[in-house]
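Okay, protein-v6.txt now, which holds compact mmCIF, C-alpha atoms:
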# COMPACT_ATOMS: atom_id res chain seq x y z
CA MET A 1 0.00 0.00 0.00
CA ASP A 2 1.27 3.45 -0.98
CA ILE A 3 -0.79 6.03 0.94
CA GLY A 4 0.57 8.67 -1.43
CA GLN A 5 -1.89 7.29 -3.98
CA PRO A 6 -5.50 8.45 -3.44
CA LYS A 7 -7.04 4.96 -3.66
CA ASP A 8 -4.55 3.61 -1.11
CA PHE A 9 -5.06 6.66 1.12
CA LEU A 10 -8.80 5.95 1.23
CA THR A 11 -8.13 2.25 1.92
CA GLY A 12 -5.73 3.19 4.73
CA THR A 13 -8.30 5.59 6.18
CA SER A 14 -10.88 2.81 6.20
CA MET A 15 -8.44 0.49 7.96
CA PHE A 16 -7.60 3.18 10.52
CA LEU A 17 -11.28 3.84 11.27
CA LYS A 18 -11.91 0.12 11.68
CA HIS A 19 -8.98 -0.07 14.10
CA MET A 20 -10.30 2.93 16.05
CA SER A 21 -13.72 1.27 16.33
CA ARG A 22 -12.02 -1.56 18.21
CA VAL A 23 -9.52 0.28 20.41
CA LYS A 24 -11.18 3.71 20.99
CA PRO A 25 -14.80 3.54 19.82
CA GLN A 26 -15.66 6.68 21.80
CA THR A 27 -13.64 8.77 19.30
CA LEU A 28 -15.98 7.86 16.43
CA ALA A 29 -19.23 9.67 15.72
CA GLN A 30 -22.34 8.43 17.44
CA GLN A 31 -25.83 9.08 16.12
CA GLN A 32 -27.04 10.70 19.35
CA ASN A 33 -24.31 13.39 19.31
CA TYR A 34 -25.65 15.39 16.37
CA GLN A 35 -27.77 18.53 16.22
CA SER A 36 -30.26 16.96 13.88
CA ALA A 37 -32.15 13.82 14.72
CA ASP A 38 -32.55 13.11 11.00
CA THR A 39 -28.80 13.03 10.32
CA THR A 40 -27.71 9.43 9.85
CA ILE A 41 -24.30 8.03 10.81
CA ILE A 42 -23.46 4.67 9.19
CA GLY A 43 -20.45 2.62 10.24
CA ASN A 44 -17.13 4.21 11.17
CA VAL A 45 -17.22 8.01 10.91
CA LEU A 46 -14.78 10.45 12.53
CA ILE A 47 -16.07 14.03 12.85
CA HIS A 48 -14.09 16.91 14.31
CA PRO A 49 -16.03 18.73 17.07
CA SER A 50 -15.88 22.05 15.17
CA ALA A 51 -17.57 20.62 12.04
CA LYS A 52 -21.16 21.65 11.33
CA ILE A 53 -23.53 19.01 9.96
CA GLY A 54 -26.88 20.00 8.43
CA ASN A 55 -30.27 18.31 8.61
CA GLY A 56 -31.03 15.14 6.68
CA CYS A 57 -27.40 14.24 6.00
CA CYS A 58 -26.09 10.69 5.72
CA LEU A 59 -22.44 10.12 6.59
CA GLY A 60 -20.58 6.83 6.33
CA PRO A 61 -19.25 4.34 6.25
CA ASP A 62 -15.55 5.27 6.34
CA VAL A 63 -15.80 9.05 6.43
CA VAL A 64 -13.46 11.59 8.05
CA VAL A 65 -14.73 15.15 8.52
CA GLY A 66 -12.00 17.64 9.44
CA PRO A 67 -12.02 20.83 11.50
CA SER A 68 -14.34 23.69 10.52
CA VAL A 69 -16.01 21.68 7.75
CA VAL A 70 -19.56 22.76 6.91
CA ILE A 71 -21.94 20.18 5.47
CA ASP A 72 -25.31 21.62 4.42
CA ASP A 73 -28.68 19.86 4.51
CA GLY A 74 -29.29 16.62 2.62
CA VAL A 75 -25.66 15.79 1.81
CA ARG A 76 -24.53 12.16 1.40
CA VAL A 77 -20.86 11.29 2.04
CA SER A 78 -19.35 7.80 1.97
CA GLY A 79 -15.80 6.45 1.88
CA SER A 80 -14.32 9.95 1.74
CA THR A 81 -12.15 12.44 3.61
CA LEU A 82 -13.18 16.10 3.92
CA LEU A 83 -10.21 18.22 4.95
CA GLU A 84 -10.24 21.36 7.08
CA GLY A 85 -12.48 24.25 6.11
CA CYS A 86 -14.28 22.72 3.16
CA VAL A 87 -17.94 23.48 2.50
CA ILE A 88 -20.34 20.98 0.96
CA LYS A 89 -23.56 22.66 -0.14
CA LYS A 90 -27.07 21.21 -0.10
CA HIS A 91 -27.90 17.80 -1.54
CA SER A 92 -24.47 16.96 -2.91
CA TRP A 93 -23.27 13.34 -3.09
CA ILE A 94 -19.63 12.45 -2.42
CA SER A 95 -18.23 8.94 -2.63
CA SER A 96 -14.65 7.60 -2.51
CA SER A 97 -13.04 11.02 -2.75
CA VAL A 98 -10.64 13.37 -0.99
CA ILE A 99 -11.86 16.94 -0.70
CA GLY A 100 -9.05 19.45 -0.04
CA TRP A 101 -8.68 22.30 2.43
CA ASP A 102 -11.00 25.27 2.01
CA THR A 103 -12.74 23.73 -1.01
CA THR A 104 -16.37 24.54 -1.78
CA ILE A 105 -18.66 22.08 -3.54
CA GLY A 106 -21.87 23.56 -4.93
CA LYS A 107 -25.46 22.34 -4.55
CA TRP A 108 -26.57 19.07 -6.13
CA CYS A 109 -23.05 17.98 -7.16
CA ARG A 110 -22.02 14.35 -7.56
CA ILE A 111 -18.37 13.53 -6.90
CA GLU A 112 -17.20 9.93 -7.09
CA GLY A 113 -14.63 7.42 -8.32
CA VAL A 114 -11.58 8.48 -6.27
CA THR A 115 -11.81 12.14 -7.19
CA VAL A 116 -9.22 14.35 -5.48
CA LEU A 117 -9.78 18.07 -5.14
CA GLY A 118 -6.79 20.19 -4.10
CA GLU A 119 -6.79 23.15 -1.76
CA ASP A 120 -9.24 26.01 -2.45
CA VAL A 121 -11.10 24.40 -5.36
CA GLN A 122 -14.51 25.88 -6.20
CA VAL A 123 -17.01 23.48 -7.80
CA LYS A 124 -20.12 25.15 -9.28
CA ASP A 125 -23.66 23.83 -8.65
CA GLU A 126 -25.02 20.67 -10.31
CA LEU A 127 -21.74 19.23 -11.62
CA PHE A 128 -20.49 15.64 -11.90
CA LEU A 129 -16.84 14.73 -11.31
CA ASN A 130 -15.77 11.13 -11.94
CA ALA A 131 -12.25 10.02 -10.95
CA THR A 132 -10.96 13.54 -11.53
CA LEU A 133 -7.80 15.12 -10.10
CA VAL A 134 -8.10 18.88 -9.63
CA LEU A 135 -5.01 20.89 -8.71
CA PRO A 136 -5.24 23.66 -6.07
CA HIS A 137 -6.91 27.05 -6.54
CA LYS A 138 -9.11 26.09 -9.49
CA GLY A 139 -12.71 26.83 -10.35
CA ILE A 140 -14.69 23.99 -11.92
CA SER A 141 -17.65 25.03 -14.08
CA GLN A 142 -18.12 21.92 -16.27
CA SER A 143 -18.76 18.28 -15.43
CA CYS A 144 -16.02 15.70 -15.99
CA TYR A 145 -17.73 12.49 -17.11
CA GLU A 146 -14.63 10.65 -18.33
CA ARG A 147 -12.40 9.02 -15.75
CA ASP A 148 -8.84 10.02 -14.90
CA GLN A 149 -8.92 13.63 -16.06
CA ILE A 150 -6.44 16.07 -14.56
CA ILE A 151 -7.46 19.70 -14.29
CA MET A 152 -4.50 22.07 -14.00
Step by step, read the file and then write its structure as structure tokens.
Amino acid sequence: MDIGQPKDFLTGTSMFLKHMSRVKPQTLAQQQNYQSADTTIIGNVLIHPSAKIGNGCCLGPDVVVGPSVVIDDGVRVSGSTLLEGCVIKKHSWISSSVIGWDTTIGKWCRIEGVTVLGEDVQVKDELFLNATLVLPHKGISQSCYERDQIIM
């Protein structure tokens, strides 16, 4: 395993969360600890105390939510890491991805397939990113349907 590769990083994160569920389960998110009763936590999820989670969200399994992350209402996140300061707007769907520091993902976006967004990436509303690598400080205004695209 080479955790410098996004797929291996996500696999390593999953293994770490599984380990934490055995040795320190109190560090993982529990359903009863969230502002909204209709937010669902599935499996192993690690959420920083400063993160804000909206109503009707579904997080997990294998999700890490970093400090000062804002997740708006109706968002679904699975098998992903959201780094410090990122904002996920309403009803977006994120799977098997790494979302960089201070990145904003618009409303109704779908991000999947080991997509990696660098620091300070701005994704417009209603876009689809599939196995896309986006370098830091970029604005994304078009969907990327084909796998393995690099946006510089």
Given the choices A:Gln149, A:Thr104, A:Ser21, A:Ser80, which gets closest to A:Lys124 if the distance is worked out from all atoms listed in the file?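 Closest to A:Lys124 of all the choices is A:Thr104.
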Atom CA of A:Arg147 to atom CA of A:Ala131: how many Å, to one decimal?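 Going from atom CA of A:Arg147 over to atom CA of A:Ala131, I get 4.9 Å.
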Top pick for closest residue to A:Asp72, considering A:Asn44, A:Ser97, A:Thr39, A:Gln142 and counting all atoms listed in the file: A:Thr39
Give me the residues within 7 Å of A:Leu83 as a PDB file with C-alpha atoms, in the coordinates of the input, counting all atoms listed in the file and dropping any in the same chain fewer than 2 places off.
ATOM      1  CA  VAL A  65     -14.730  15.150   8.520  1.00  0.00           C
ATOM      2  CA  GLY A  66     -12.000  17.640   9.440  1.00  0.00           C
ATOM      3  CA  THR A  81     -12.150  12.440   3.610  1.00  0.00           C
ATOM      4  CA  GLY A  85     -12.480  24.250   6.110  1.00  0.00           C
ATOM      5  CA  CYS A  86     -14.280  22.720   3.160  1.00  0.00           C
ATOM      6  CA  ILE A  99     -11.860  16.940  -0.700  1.00  0.00           C
ATOM      7  CA  GLY A 100      -9.050  19.450  -0.040  1.00  0.00           C
ATOM      8  CA  TRP A 101      -8.680  22.300   2.430  1.00  0.00           C
TER       9      TRP A 101
END
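Closest approach to A:Leu17 among A:Asn55, A:Gly79, A:Ser95, A:Asn130: A:Gly79, based on only C-alpha atoms.
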Around (-21.9, 24.1, -14.3), as given in the file, which residues come within 7 Å? Count all atoms listed in the file and list them as a JSON list (two decimals) with C-alpha atoms, in the coordinates of the input.
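Ended up saving to point.json:
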[["chain", "number", "residue", "atom", "x", "y", "z"],
["A", 124, "LYS", "CA", -20.12, 25.15, -9.28],
["A", 125, "ASP", "CA", -23.66, 23.83, -8.65],
["A", 126, "GLU", "CA", -25.02, 20.67, -10.31],
["A", 127, "LEU", "CA", -21.74, 19.23, -11.62],
["A", 141, "SER", "CA", -17.65, 25.03, -14.08],
["A", 142, "GLN", "CA", -18.12, 21.92, -16.27],
["A", 143, "SER", "CA", -18.76, 18.28, -15.43]]
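For A:Gly56, the residues within 7 Å (counting all atoms listed in the file, excluding itself and residues fewer than 4 positions away along the chain) are Asp38, Thr39, Asp73 and Gly74 of chain A.
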Taking C-alpha atoms for each residue, export the selection above as a tab-separated table (two decimals), in the frame of the given file.
chain	number	residue	atom	x	y	z
A	38	ASP	CA	-32.55	13.11	11.00
A	39	THR	CA	-28.80	13.03	10.32
A	73	ASP	CA	-28.68	19.86	4.51
A	74	GLY	CA	-29.29	16.62	2.62
Might you pull out every residue within 12 Å of A:Ser50, with all atoms listed in the file counted and same-chain residues fewer than 4 positions away left off, and present them as a ChimeraX atom specification? /A:34,46,65-71,84-85
Could you give me the axis-aligned bounding box of stretch 108-124 of chain A, with 3 Å of padding per side, as centre plus edge lengths in Å to one decimal, as lines of an AutoDock Vina configuration file?
center_x = -16.7
center_y = 16.7
center_z = -5.5
size_x = 25.8
size_y = 24.6
size_z = 13.5
Quick one: pull the distance between atom CA of A:Ile111 and atom CA of A:Phe16, Å, one decimal. 22.9 Å
Counting all atoms listed in the file, the residue of A:Gly54, A:Gly118, A:Pro49, A:Pro61 that sits nearest A:Thr13: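 Residue with the minimum atom-to-atom distance to A:Thr13: A:Pro61.
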re atom CA of A:Cys58 and atom CA of A:Thr40: distance 4.6 Å
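Using only C-alpha atoms, the set of residues no farther than 9 Å from the position (-5.9, 19.8, -11.9) comprises Leu117, Gly118, Thr132, Leu133, Val134, Leu135, Pro136, Lys138, Gln149, Ile150, Ile151 and Met152 of chain A.
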Between A:Ser14, A:Val75, A:Lys24, A:Asp62, single out the one closest to A:His91, counting all atoms listed in the file.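 Between A:Ser14, A:Val75, A:Lys24, A:Asp62, the residue approaching A:His91 most closely is A:Val75.
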